[in-house]
>>> print(open('query.pdb').read())   # PDB, N, CA and C atoms and all ligand atoms
ATOM      1  N   MET A   1      39.632 126.026  63.621
ATOM      2  CA  MET A   1      38.623 125.004  63.292
ATOM      3  C   MET A   1      39.066 123.624  63.751
ATOM      4  N   ILE A   2      40.306 123.283  63.444
ATOM      5  CA  ILE A   2      40.840 121.982  63.857
ATOM      6  C   ILE A   2      40.883 121.895  65.381
ATOM      7  N   GLY A   3      41.211 123.039  66.017
ATOM      8  CA  GLY A   3      41.228 123.099  67.482
ATOM      9  C   GLY A   3      39.870 122.780  68.072
ATOM     10  N   LEU A   4      38.801 123.347  67.461
ATOM     11  CA  LEU A   4      37.435 123.100  67.925
ATOM     12  C   LEU A   4      37.048 121.637  67.791
ATOM     13  N   ILE A   5      37.412 121.030  66.652
ATOM     14  CA  ILE A   5      37.114 119.614  66.420
ATOM     15  C   ILE A   5      37.846 118.761  67.465
ATOM     16  N   PHE A   6      39.087 119.132  67.729
ATOM     17  CA  PHE A   6      39.901 118.402  68.704
ATOM     18  C   PHE A   6      39.273 118.456  70.096
ATOM     19  N   VAL A   7      38.833 119.682  70.496
ATOM     20  CA  VAL A   7      38.186 119.844  71.810
ATOM     21  C   VAL A   7      36.892 119.026  71.859
ATOM     22  N   GLY A   8      36.112 119.071  70.780
ATOM     23  CA  GLY A   8      34.865 118.298  70.700
ATOM     24  C   GLY A   8      35.120 116.815  70.866
ATOM     25  N   LEU A   9      36.182 116.350  70.240
ATOM     26  CA  LEU A   9      36.557 114.936  70.322
ATOM     27  C   LEU A   9      36.918 114.544  71.750
ATOM     28  N   ILE A  10      37.682 115.398  72.404
ATOM     29  CA  ILE A  10      38.087 115.131  73.794
ATOM     30  C   ILE A  10      36.868 115.069  74.708
ATOM     31  N   VAL A  11      35.936 116.036  74.504
ATOM     32  CA  VAL A  11      34.709 116.056  75.316
ATOM     33  C   VAL A  11      33.903 114.782  75.071
ATOM     34  N   ALA A  12      33.786 114.358  73.807
ATOM     35  CA  ALA A  12      33.021 113.153  73.473
ATOM     36  C   ALA A  12      33.635 111.925  74.142
ATOM     37  N   VAL A  13      34.946 111.793  74.101
ATOM     38  CA  VAL A  13      35.636 110.651  74.730
ATOM     39  C   VAL A  13      35.412 110.687  76.239
ATOM     40  N   TRP A  14      35.483 111.887  76.825
ATOM     41  CA  TRP A  14      35.288 112.037  78.267
ATOM     42  C   TRP A  14      33.879 111.610  78.666
ATOM     43  N   VAL A  15      32.868 112.030  77.877
ATOM     44  CA  VAL A  15      31.470 111.685  78.178
ATOM     45  C   VAL A  15      31.272 110.174  78.096
ATOM     46  N   VAL A  16      31.798 109.562  77.036
ATOM     47  CA  VAL A  16      31.636 108.111  76.849
ATOM     48  C   VAL A  16      32.317 107.359  77.994
ATOM     49  N   THR A  17      33.523 107.775  78.366
ATOM     50  CA  THR A  17      34.265 107.111  79.448
ATOM     51  C   THR A  17      33.519 107.226  80.770
ATOM     52  N   ASN A  18      33.002 108.432  81.053
ATOM     53  CA  ASN A  18      32.239 108.636  82.293
ATOM     54  C   ASN A  18      30.997 107.770  82.344
ATOM     55  N   ARG A  19      30.276 107.670  81.225
ATOM     56  CA  ARG A  19      29.070 106.835  81.178
ATOM     57  C   ARG A  19      29.423 105.376  81.437
ATOM     58  N   ARG A  20      30.503 104.916  80.832
ATOM     59  CA  ARG A  20      30.927 103.523  81.001
ATOM     60  C   ARG A  20      31.304 103.249  82.457
ATOM     61  N   LYS A  21      32.044 104.191  83.048
ATOM     62  CA  LYS A  21      32.445 104.022  84.458
ATOM     63  C   LYS A  21      31.220 103.999  85.370
ATOM     64  N   LYS A  22      30.243 104.877  85.080
ATOM     65  CA  LYS A  22      29.020 104.930  85.889
ATOM     66  C   LYS A  22      28.267 103.603  85.782
ATOM     67  N   ARG A  23      28.171 103.068  84.558
ATOM     68  CA  ARG A  23      27.477 101.798  84.336
ATOM     69  C   ARG A  23      28.191 100.666  85.096
ATOM     70  N   GLU A  24      29.518 100.663  85.056
ATOM     71  CA  GLU A  24      30.292  99.647  85.772
ATOM     72  C   GLU A  24      30.071  99.737  87.278
ATOM     73  N   ARG A  25      30.044 100.998  87.789
ATOM     74  CA  ARG A  25      29.802 101.196  89.225
ATOM     75  C   ARG A  25      28.425 100.676  89.634
ATOM     76  N   GLU A  26      27.402 101.003  88.813
ATOM     77  CA  GLU A  26      26.034 100.560  89.110
ATOM     78  C   GLU A  26      25.924  99.044  89.046
ATOM     79  N   ASN A  27      26.590  98.462  88.047
ATOM     80  CA  ASN A  27      26.602  97.015  87.873
ATOM     81  C   ASN A  27      27.237  96.332  89.080
ATOM     82  N   LYS A  28      28.365  96.897  89.533
ATOM     83  CA  LYS A  28      29.098  96.351  90.672
ATOM     84  C   LYS A  28      28.232  96.411  91.928
ATOM     85  N   LYS A  29      27.560  97.564  92.129
ATOM     86  CA  LYS A  29      26.707  97.745  93.301
ATOM     87  C   LYS A  29      25.550  96.753  93.280
ATOM     88  N   LYS A  30      24.944  96.594  92.101
ATOM     89  CA  LYS A  30      23.811  95.683  91.957
ATOM     90  C   LYS A  30      24.240  94.245  92.263
ATOM     91  N   LYS A  31      25.421  93.865  91.743
ATOM     92  CA  LYS A  31      25.911  92.499  91.967
ATOM     93  C   LYS A  31      26.239  92.265  93.434
ATOM     94  N   GLN A  32      26.702  93.308  94.138
ATOM     95  CA  GLN A  32      27.067  93.145  95.543
ATOM     96  C   GLN A  32      25.845  92.986  96.434
ATOM     97  N   GLN A  33      24.666  93.334  95.932
ATOM     98  CA  GLN A  33      23.454  93.230  96.734
ATOM     99  C   GLN A  33      22.641  91.988  96.413
ATOM    100  N   GLY A  34      23.128  91.162  95.517
ATOM    101  CA  GLY A  34      22.387  89.989  95.079
ATOM    102  C   GLY A  34      22.321  88.901  96.137
ATOM    103  N   PRO A  35      21.553  87.840  95.884
ATOM    104  CA  PRO A  35      21.433  86.752  96.844
ATOM    105  C   PRO A  35      22.773  86.080  97.118
ATOM    106  N   GLY A  36      23.012  85.795  98.388
ATOM    107  CA  GLY A  36      24.242  85.119  98.783
ATOM    108  C   GLY A  36      25.422  86.044  98.994
ATOM    109  N   ARG A  37      25.239  87.346  98.805
ATOM    110  CA  ARG A  37      26.371  88.270  98.904
ATOM    111  C   ARG A  37      26.701  88.698 100.337
ATOM    112  N   SER A  38      25.798  88.405 101.284
ATOM    113  CA  SER A  38      26.077  88.744 102.685
ATOM    114  C   SER A  38      25.397  87.695 103.566
ATOM    115  N   PRO A  39      25.801  87.588 104.854
ATOM    116  CA  PRO A  39      25.137  86.607 105.733
ATOM    117  C   PRO A  39      23.621  86.841 105.807
ATOM    118  N   GLU A  40      23.197  88.101 105.697
ATOM    119  CA  GLU A  40      21.766  88.425 105.785
ATOM    120  C   GLU A  40      20.988  87.936 104.564
ATOM    121  N   THR A  41      21.653  87.869 103.429
ATOM    122  CA  THR A  41      20.966  87.425 102.206
ATOM    123  C   THR A  41      21.492  86.063 101.757
ATOM    124  N   ALA A  42      21.966  85.274 102.725
ATOM    125  CA  ALA A  42      22.575  83.978 102.406
ATOM    126  C   ALA A  42      21.635  83.099 101.580
ATOM    127  N   GLU A  43      22.208  82.379 100.655
ATOM    128  CA  GLU A  43      21.460  81.438  99.823
ATOM    129  C   GLU A  43      21.191  80.193 100.674
ATOM    130  N   ILE A  44      19.932  79.781 100.749
ATOM    131  CA  ILE A  44      19.594  78.606 101.563
ATOM    132  C   ILE A  44      19.765  77.360 100.702
ATOM    133  N   ILE A  45      20.590  76.448 101.203
ATOM    134  CA  ILE A  45      20.838  75.212 100.454
ATOM    135  C   ILE A  45      20.613  74.010 101.362
ATOM    136  N   TYR A  46      20.404  72.851 100.752
ATOM    137  CA  TYR A  46      20.131  71.632 101.512
ATOM    138  C   TYR A  46      21.260  70.623 101.354
ATOM    139  N   ASP A  47      22.247  70.972 100.564
ATOM    140  CA  ASP A  47      23.315  70.028 100.252
ATOM    141  C   ASP A  47      24.574  70.855  99.943
ATOM    142  N   LEU A  48      25.705  70.476 100.521
ATOM    143  CA  LEU A  48      26.952  71.234 100.301
ATOM    144  C   LEU A  48      27.367  71.285  98.833
ATOM    145  N   LYS A  49      26.963  70.281  98.070
ATOM    146  CA  LYS A  49      27.326  70.253  96.641
ATOM    147  C   LYS A  49      26.685  71.417  95.881
ATOM    148  N   LYS A  50      25.609  71.970  96.453
ATOM    149  CA  LYS A  50      24.910  73.078  95.787
ATOM    150  C   LYS A  50      25.745  74.352  95.795
ATOM    151  N   ILE A  51      26.738  74.424  96.679
ATOM    152  CA  ILE A  51      27.613  75.605  96.712
ATOM    153  C   ILE A  51      28.310  75.746  95.367
ATOM    154  N   GLU A  52      28.862  74.654  94.888
ATOM    155  CA  GLU A  52      29.575  74.679  93.604
ATOM    156  C   GLU A  52      28.632  75.041  92.455
ATOM    157  N   VAL A  53      27.425  74.493  92.515
ATOM    158  CA  VAL A  53      26.429  74.767  91.463
ATOM    159  C   VAL A  53      26.090  76.262  91.463
ATOM    160  N   PHE A  54      25.893  76.826  92.651
ATOM    161  CA  PHE A  54      25.555  78.244  92.784
ATOM    162  C   PHE A  54      26.698  79.118  92.272
ATOM    163  N   VAL A  55      27.935  78.788  92.702
ATOM    164  CA  VAL A  55      29.104  79.601  92.319
ATOM    165  C   VAL A  55      29.289  79.590  90.799
ATOM    166  N   ARG A  56      29.072  78.440  90.189
ATOM    167  CA  ARG A  56      29.247  78.332  88.730
ATOM    168  C   ARG A  56      28.296  79.250  87.965
ATOM    169  N   ARG A  57      27.133  79.548  88.559
ATOM    170  CA  ARG A  57      26.136  80.408  87.891
ATOM    171  C   ARG A  57      26.430  81.888  88.061
ATOM    172  N   GLN A  58      27.348  82.244  88.976
ATOM    173  CA  GLN A  58      27.581  83.653  89.285
ATOM    174  C   GLN A  58      28.523  84.308  88.267
ATOM    175  N   ARG A  59      28.337  85.620  88.129
ATOM    176  CA  ARG A  59      29.194  86.417  87.265
ATOM    177  C   ARG A  59      29.704  87.616  88.061
ATOM    178  N   CYS A  60      30.886  88.043  87.735
ATOM    179  CA  CYS A  60      31.474  89.241  88.323
ATOM    180  C   CYS A  60      30.808  90.458  87.665
ATOM    181  N   HIS A  61      30.994  91.633  88.248
ATOM    182  CA  HIS A  61      30.450  92.855  87.622
ATOM    183  C   HIS A  61      31.068  93.115  86.264
ATOM    184  N   CYS A  62      32.265  92.537  85.991
ATOM    185  CA  CYS A  62      32.913  92.689  84.677
ATOM    186  C   CYS A  62      32.417  91.611  83.713
ATOM    187  N   ASN A  63      31.472  90.803  84.190
ATOM    188  CA  ASN A  63      30.860  89.703  83.446
ATOM    189  C   ASN A  63      31.770  88.475  83.311
ATOM    190  N   GLY A  64      32.881  88.471  84.051
ATOM    191  CA  GLY A  64      33.753  87.296  84.049
ATOM    192  C   GLY A  64      33.184  86.203  84.943
ATOM    193  N   ARG A  65      33.567  84.971  84.660
ATOM    194  CA  ARG A  65      33.136  83.856  85.511
ATOM    195  C   ARG A  65      33.920  83.891  86.818
ATOM    196  N   VAL A  66      33.328  83.332  87.863
ATOM    197  CA  VAL A  66      34.034  83.251  89.133
ATOM    198  C   VAL A  66      34.253  81.778  89.468
ATOM    199  N   TYR A  67      35.332  81.518  90.198
ATOM    200  CA  TYR A  67      35.568  80.149  90.658
ATOM    201  C   TYR A  67      35.876  80.189  92.142
ATOM    202  N   ALA A  68      35.524  79.113  92.852
ATOM    203  CA  ALA A  68      35.710  79.059  94.300
ATOM    204  C   ALA A  68      37.165  78.751  94.629
ATOM    205  N   ARG A  69      37.777  79.625  95.418
ATOM    206  CA  ARG A  69      39.158  79.408  95.871
ATOM    207  C   ARG A  69      39.176  78.648  97.181
ATOM    208  N   ALA A  70      38.215  78.950  98.048
ATOM    209  CA  ALA A  70      38.159  78.316  99.356
ATOM    210  C   ALA A  70      36.733  78.372  99.892
ATOM    211  N   GLU A  71      36.480  77.538 100.871
ATOM    212  CA  GLU A  71      35.170  77.488 101.493
ATOM    213  C   GLU A  71      35.380  77.276 102.977
ATOM    214  N   ALA A  72      34.638  77.996 103.802
ATOM    215  CA  ALA A  72      34.874  77.892 105.240
ATOM    216  C   ALA A  72      33.608  78.206 106.023
ATOM    217  N   PRO A  73      33.548  77.769 107.303
ATOM    218  CA  PRO A  73      32.414  78.167 108.140
ATOM    219  C   PRO A  73      32.488  79.653 108.456
ATOM    220  N   VAL A  74      31.347  80.257 108.769
ATOM    221  CA  VAL A  74      31.314  81.686 109.102
ATOM    222  C   VAL A  74      31.285  81.822 110.626
ATOM    223  N   PRO A  75      32.272  82.494 111.226
ATOM    224  CA  PRO A  75      32.272  82.648 112.684
ATOM    225  C   PRO A  75      31.002  83.325 113.172
ATOM    226  N   GLY A  76      30.410  82.772 114.226
ATOM    227  CA  GLY A  76      29.194  83.349 114.786
ATOM    228  C   GLY A  76      27.911  82.771 114.203
ATOM    229  N   TYR A  77      28.029  81.961 113.163
ATOM    230  CA  TYR A  77      26.854  81.332 112.552
ATOM    231  C   TYR A  77      27.105  79.819 112.523
ATOM    232  N   SER A  78      26.235  79.067 113.175
ATOM    233  CA  SER A  78      26.476  77.621 113.273
ATOM    234  C   SER A  78      26.211  76.875 111.972
ATOM    235  N   ASN A  79      25.287  77.370 111.166
ATOM    236  CA  ASN A  79      24.928  76.617 109.961
ATOM    237  C   ASN A  79      25.216  77.410 108.678
ATOM    238  N   MET A  80      26.243  78.244 108.737
ATOM    239  CA  MET A  80      26.536  79.056 107.564
ATOM    240  C   MET A  80      27.951  78.809 107.052
ATOM    241  N   ARG A  81      28.089  78.821 105.734
ATOM    242  CA  ARG A  81      29.410  78.677 105.124
ATOM    243  C   ARG A  81      29.606  79.801 104.119
ATOM    244  N   VAL A  82      30.874  80.155 103.911
ATOM    245  CA  VAL A  82      31.183  81.188 102.932
ATOM    246  C   VAL A  82      32.119  80.592 101.880
ATOM    247  N   ALA A  83      31.829  80.880 100.631
ATOM    248  CA  ALA A  83      32.707  80.465  99.542
ATOM    249  C   ALA A  83      33.461  81.709  99.078
ATOM    250  N   VAL A  84      34.778  81.670  99.180
ATOM    251  CA  VAL A  84      35.604  82.798  98.731
ATOM    252  C   VAL A  84      35.961  82.497  97.269
ATOM    253  N   CYS A  85      35.531  83.390  96.391
ATOM    254  CA  CYS A  85      35.680  83.145  94.957
ATOM    255  C   CYS A  85      36.486  84.267  94.309
ATOM    256  N   GLU A  86      36.978  83.969  93.125
ATOM    257  CA  GLU A  86      37.753  84.968  92.400
ATOM    258  C   GLU A  86      37.305  85.001  90.947
ATOM    259  N   CYS A  87      37.291  86.195  90.391
ATOM    260  CA  CYS A  87      36.914  86.370  88.988
ATOM    261  C   CYS A  87      38.097  85.972  88.097
ATOM    262  N   ILE A  88      37.823  85.208  87.048
ATOM    263  CA  ILE A  88      38.926  84.778  86.180
ATOM    264  C   ILE A  88      39.399  85.922  85.274
ATOM    265  N   ARG A  89      38.568  86.966  85.142
ATOM    266  CA  ARG A  89      38.935  88.069  84.258
ATOM    267  C   ARG A  89      39.658  89.198  84.990
ATOM    268  N   CYS A  90      39.049  89.725  86.082
ATOM    269  CA  CYS A  90      39.636  90.892  86.754
ATOM    270  C   CYS A  90      40.239  90.551  88.118
ATOM    271  N   GLU A  91      40.145  89.278  88.522
ATOM    272  CA  GLU A  91      40.727  88.771  89.774
ATOM    273  C   GLU A  91      40.115  89.372  91.033
ATOM    274  N   GLU A  92      38.946  89.996  90.898
ATOM    275  CA  GLU A  92      38.286  90.520  92.095
ATOM    276  C   GLU A  92      37.772  89.349  92.944
ATOM    277  N   VAL A  93      37.889  89.518  94.261
ATOM    278  CA  VAL A  93      37.445  88.466  95.183
ATOM    279  C   VAL A  93      35.980  88.704  95.544
ATOM    280  N   HIS A  94      35.194  87.639  95.485
ATOM    281  CA  HIS A  94      33.771  87.689  95.841
ATOM    282  C   HIS A  94      33.512  86.676  96.939
ATOM    283  N   ARG A  95      32.596  87.009  97.834
ATOM    284  CA  ARG A  95      32.215  86.066  98.889
ATOM    285  C   ARG A  95      30.735  85.752  98.753
ATOM    286  N   PHE A  96      30.421  84.463  98.778
ATOM    287  CA  PHE A  96      29.026  84.027  98.717
ATOM    288  C   PHE A  96      28.702  83.252  99.984
ATOM    289  N   TYR A  97      27.598  83.626 100.618
ATOM    290  CA  TYR A  97      27.207  83.009 101.891
ATOM    291  C   TYR A  97      26.070  82.020 101.678
ATOM    292  N   PHE A  98      26.169  80.913 102.419
ATOM    293  CA  PHE A  98      25.169  79.845 102.297
ATOM    294  C   PHE A  98      24.684  79.435 103.672
ATOM    295  N   GLU A  99      23.359  79.363 103.816
ATOM    296  CA  GLU A  99      22.770  78.842 105.037
ATOM    297  C   GLU A  99      22.392  77.402 104.735
ATOM    298  N   ILE A 100      22.917  76.487 105.536
ATOM    299  CA  ILE A 100      22.697  75.075 105.244
ATOM    300  C   ILE A 100      21.591  74.522 106.119
ATOM    301  N   ASN A 101      20.541  74.067 105.463
ATOM    302  CA  ASN A 101      19.426  73.437 106.160
ATOM    303  C   ASN A 101      19.387  71.990 105.722
ATOM    304  N   TYR A 102      19.882  71.116 106.597
ATOM    305  CA  TYR A 102      19.883  69.694 106.258
ATOM    306  C   TYR A 102      18.486  69.142 106.428
ATOM    307  N   LEU A 103      18.057  68.379 105.461
ATOM    308  CA  LEU A 103      16.738  67.728 105.527
ATOM    309  C   LEU A 103      16.942  66.287 105.955
ATOM    310  N   ASN A 104      16.590  65.952 107.177
ATOM    311  CA  ASN A 104      16.558  64.529 107.551
ATOM    312  C   ASN A 104      15.893  64.338 108.902
TER     313      ASN A 104
HETATM  314 ZN    ZN I   1      35.641  90.468  87.206
END
>>> encode(input="query.pdb", output="C-alpha cells")
Amino acid sequence: MIGLIFVGLIVAVWVVTNRRKKRERENKKKKQQGPGRSPETAEIIYDLKKIEVFVRRQRCHCNGRVYARAEAPVPGYSNMRVAVCECIRCEEVHRFYFEINYLN
C-alpha cells in the first residue's frame, strides 16, 4: 500500500514538473516572437532614447526584468540598431532590434 502511494506521488510530481516545463517552453517561444525580437519585426522608433524605454518594459520568459548591456548598429541595415540585454534573474541574453526613422 505504501509502495502504491509512493509511486502515485512520483507520477504526480513528474506530471506537474512536465506541465511547468511545457509552459516555460511555450512562454519562451512566445516571447522570442514578440515585437523587436528580430530584424524583421524590429520596433520602429523615432528617437534613440526610446530604446531604453522599450527595454525597460520587456520581460524575460522567466518574468525577470531585462537591462541593456550594449547597443550597436546591425550589419547590413543602415538604420537599424540592436540592444543586447540580459535578464537580471536567469541571466539569459535577449536581443531587441530597432528601426530608426528620424523625423525632420
Ligand atoms: Zn530570465
>>> residues_near_ligand(input="query.pdb", ligand="ligand ZN 1 (chain I)", cutoff="6 Å", atoms="only C-alpha atoms and all ligand atoms", output="count of residues only")
9
>>> residues_near_point(input="query.pdb", point="(30.7, 76.1, 105.4)", cutoff="9 Å", atoms="only C-alpha atoms", output="PyMOL selection string")
chain A and resi 48+71-74+79-83+97-100
>>> residues_around(input="query.pdb", residues="stretch 21-33 of chain A", least_positions_apart="3", cutoff="8 Å", atoms="all atoms listed in the file", output="VMD selection string")
chain A and resid 15 to 18 36 to 38 41 59 to 62
>>> atom_distance(input="query.pdb", atom1="atom C of A:Ala70", atom2="atom CA of A:Pro39")
15.4 Å
>>> atom_distance(input="query.pdb", atom1="atom C of A:Glu43", atom2="atom CA of A:Arg69")
18.6 Å
>>> select_by_dssp(input="query.pdb", residues="stretch 34-89 of chain A", states="helix (DSSP H, G or I)", output="list in words")
Pro39, Glu40, Thr41, Lys49, Lys50, Ile51, Glu52, Val53, Phe54, Val55, Arg56 and Arg57 of chain A
>>> closest_residue(input="query.pdb", among="A:Tyr77, A:Phe54, A:Tyr46, A:Tyr67", to="A:Asn101", atoms="only N, CA and C atoms")
A:Tyr46
>>> select_by_dssp(input="query.pdb", residues="stretch 40-84 of chain A", states="strand (DSSP E or B)", output="VMD selection string")
chain A and resid 43 to 45 59 65 to 73 80 to 84
>>> decode(input="query.pdb", residues="stretch 60-80 of chain A", atoms="C-alpha atoms", output="PDB file, in the first residue's frame")
ATOM      1  CA  CYS A  60      12.221  37.587 -19.863  1.00  0.00           C
ATOM      2  CA  HIS A  61      10.326  34.291 -20.244  1.00  0.00           C
ATOM      3  CA  CYS A  62      11.120  33.725 -16.527  1.00  0.00           C
ATOM      4  CA  ASN A  63       9.339  37.052 -15.891  1.00  0.00           C
ATOM      5  CA  GLY A  64      12.577  38.727 -14.781  1.00  0.00           C
ATOM      6  CA  ARG A  65      13.376  42.280 -15.824  1.00  0.00           C
ATOM      7  CA  VAL A  66      15.949  42.826 -18.540  1.00  0.00           C
ATOM      8  CA  TYR A  67      18.572  45.542 -18.740  1.00  0.00           C
ATOM      9  CA  ALA A  68      20.593  46.739 -21.734  1.00  0.00           C
ATOM     10  CA  ARG A  69      24.239  45.653 -21.653  1.00  0.00           C
ATOM     11  CA  ALA A  70      25.200  47.117 -25.011  1.00  0.00           C
ATOM     12  CA  GLU A  71      23.764  48.733 -28.095  1.00  0.00           C
ATOM     13  CA  ALA A  72      25.171  48.591 -31.600  1.00  0.00           C
ATOM     14  CA  PRO A  73      24.338  49.048 -35.293  1.00  0.00           C
ATOM     15  CA  VAL A  74      23.164  45.942 -37.163  1.00  0.00           C
ATOM     16  CA  PRO A  75      25.474  44.951 -40.055  1.00  0.00           C
ATOM     17  CA  GLY A  76      23.654  45.105 -43.378  1.00  0.00           C
ATOM     18  CA  TYR A  77      20.976  47.512 -42.129  1.00  0.00           C
ATOM     19  CA  SER A  78      21.687  51.236 -42.370  1.00  0.00           C
ATOM     20  CA  ASN A  79      19.001  52.422 -39.972  1.00  0.00           C
ATOM     21  CA  MET A  80      18.816  49.558 -37.513  1.00  0.00           C
TER      22      MET A  80
END
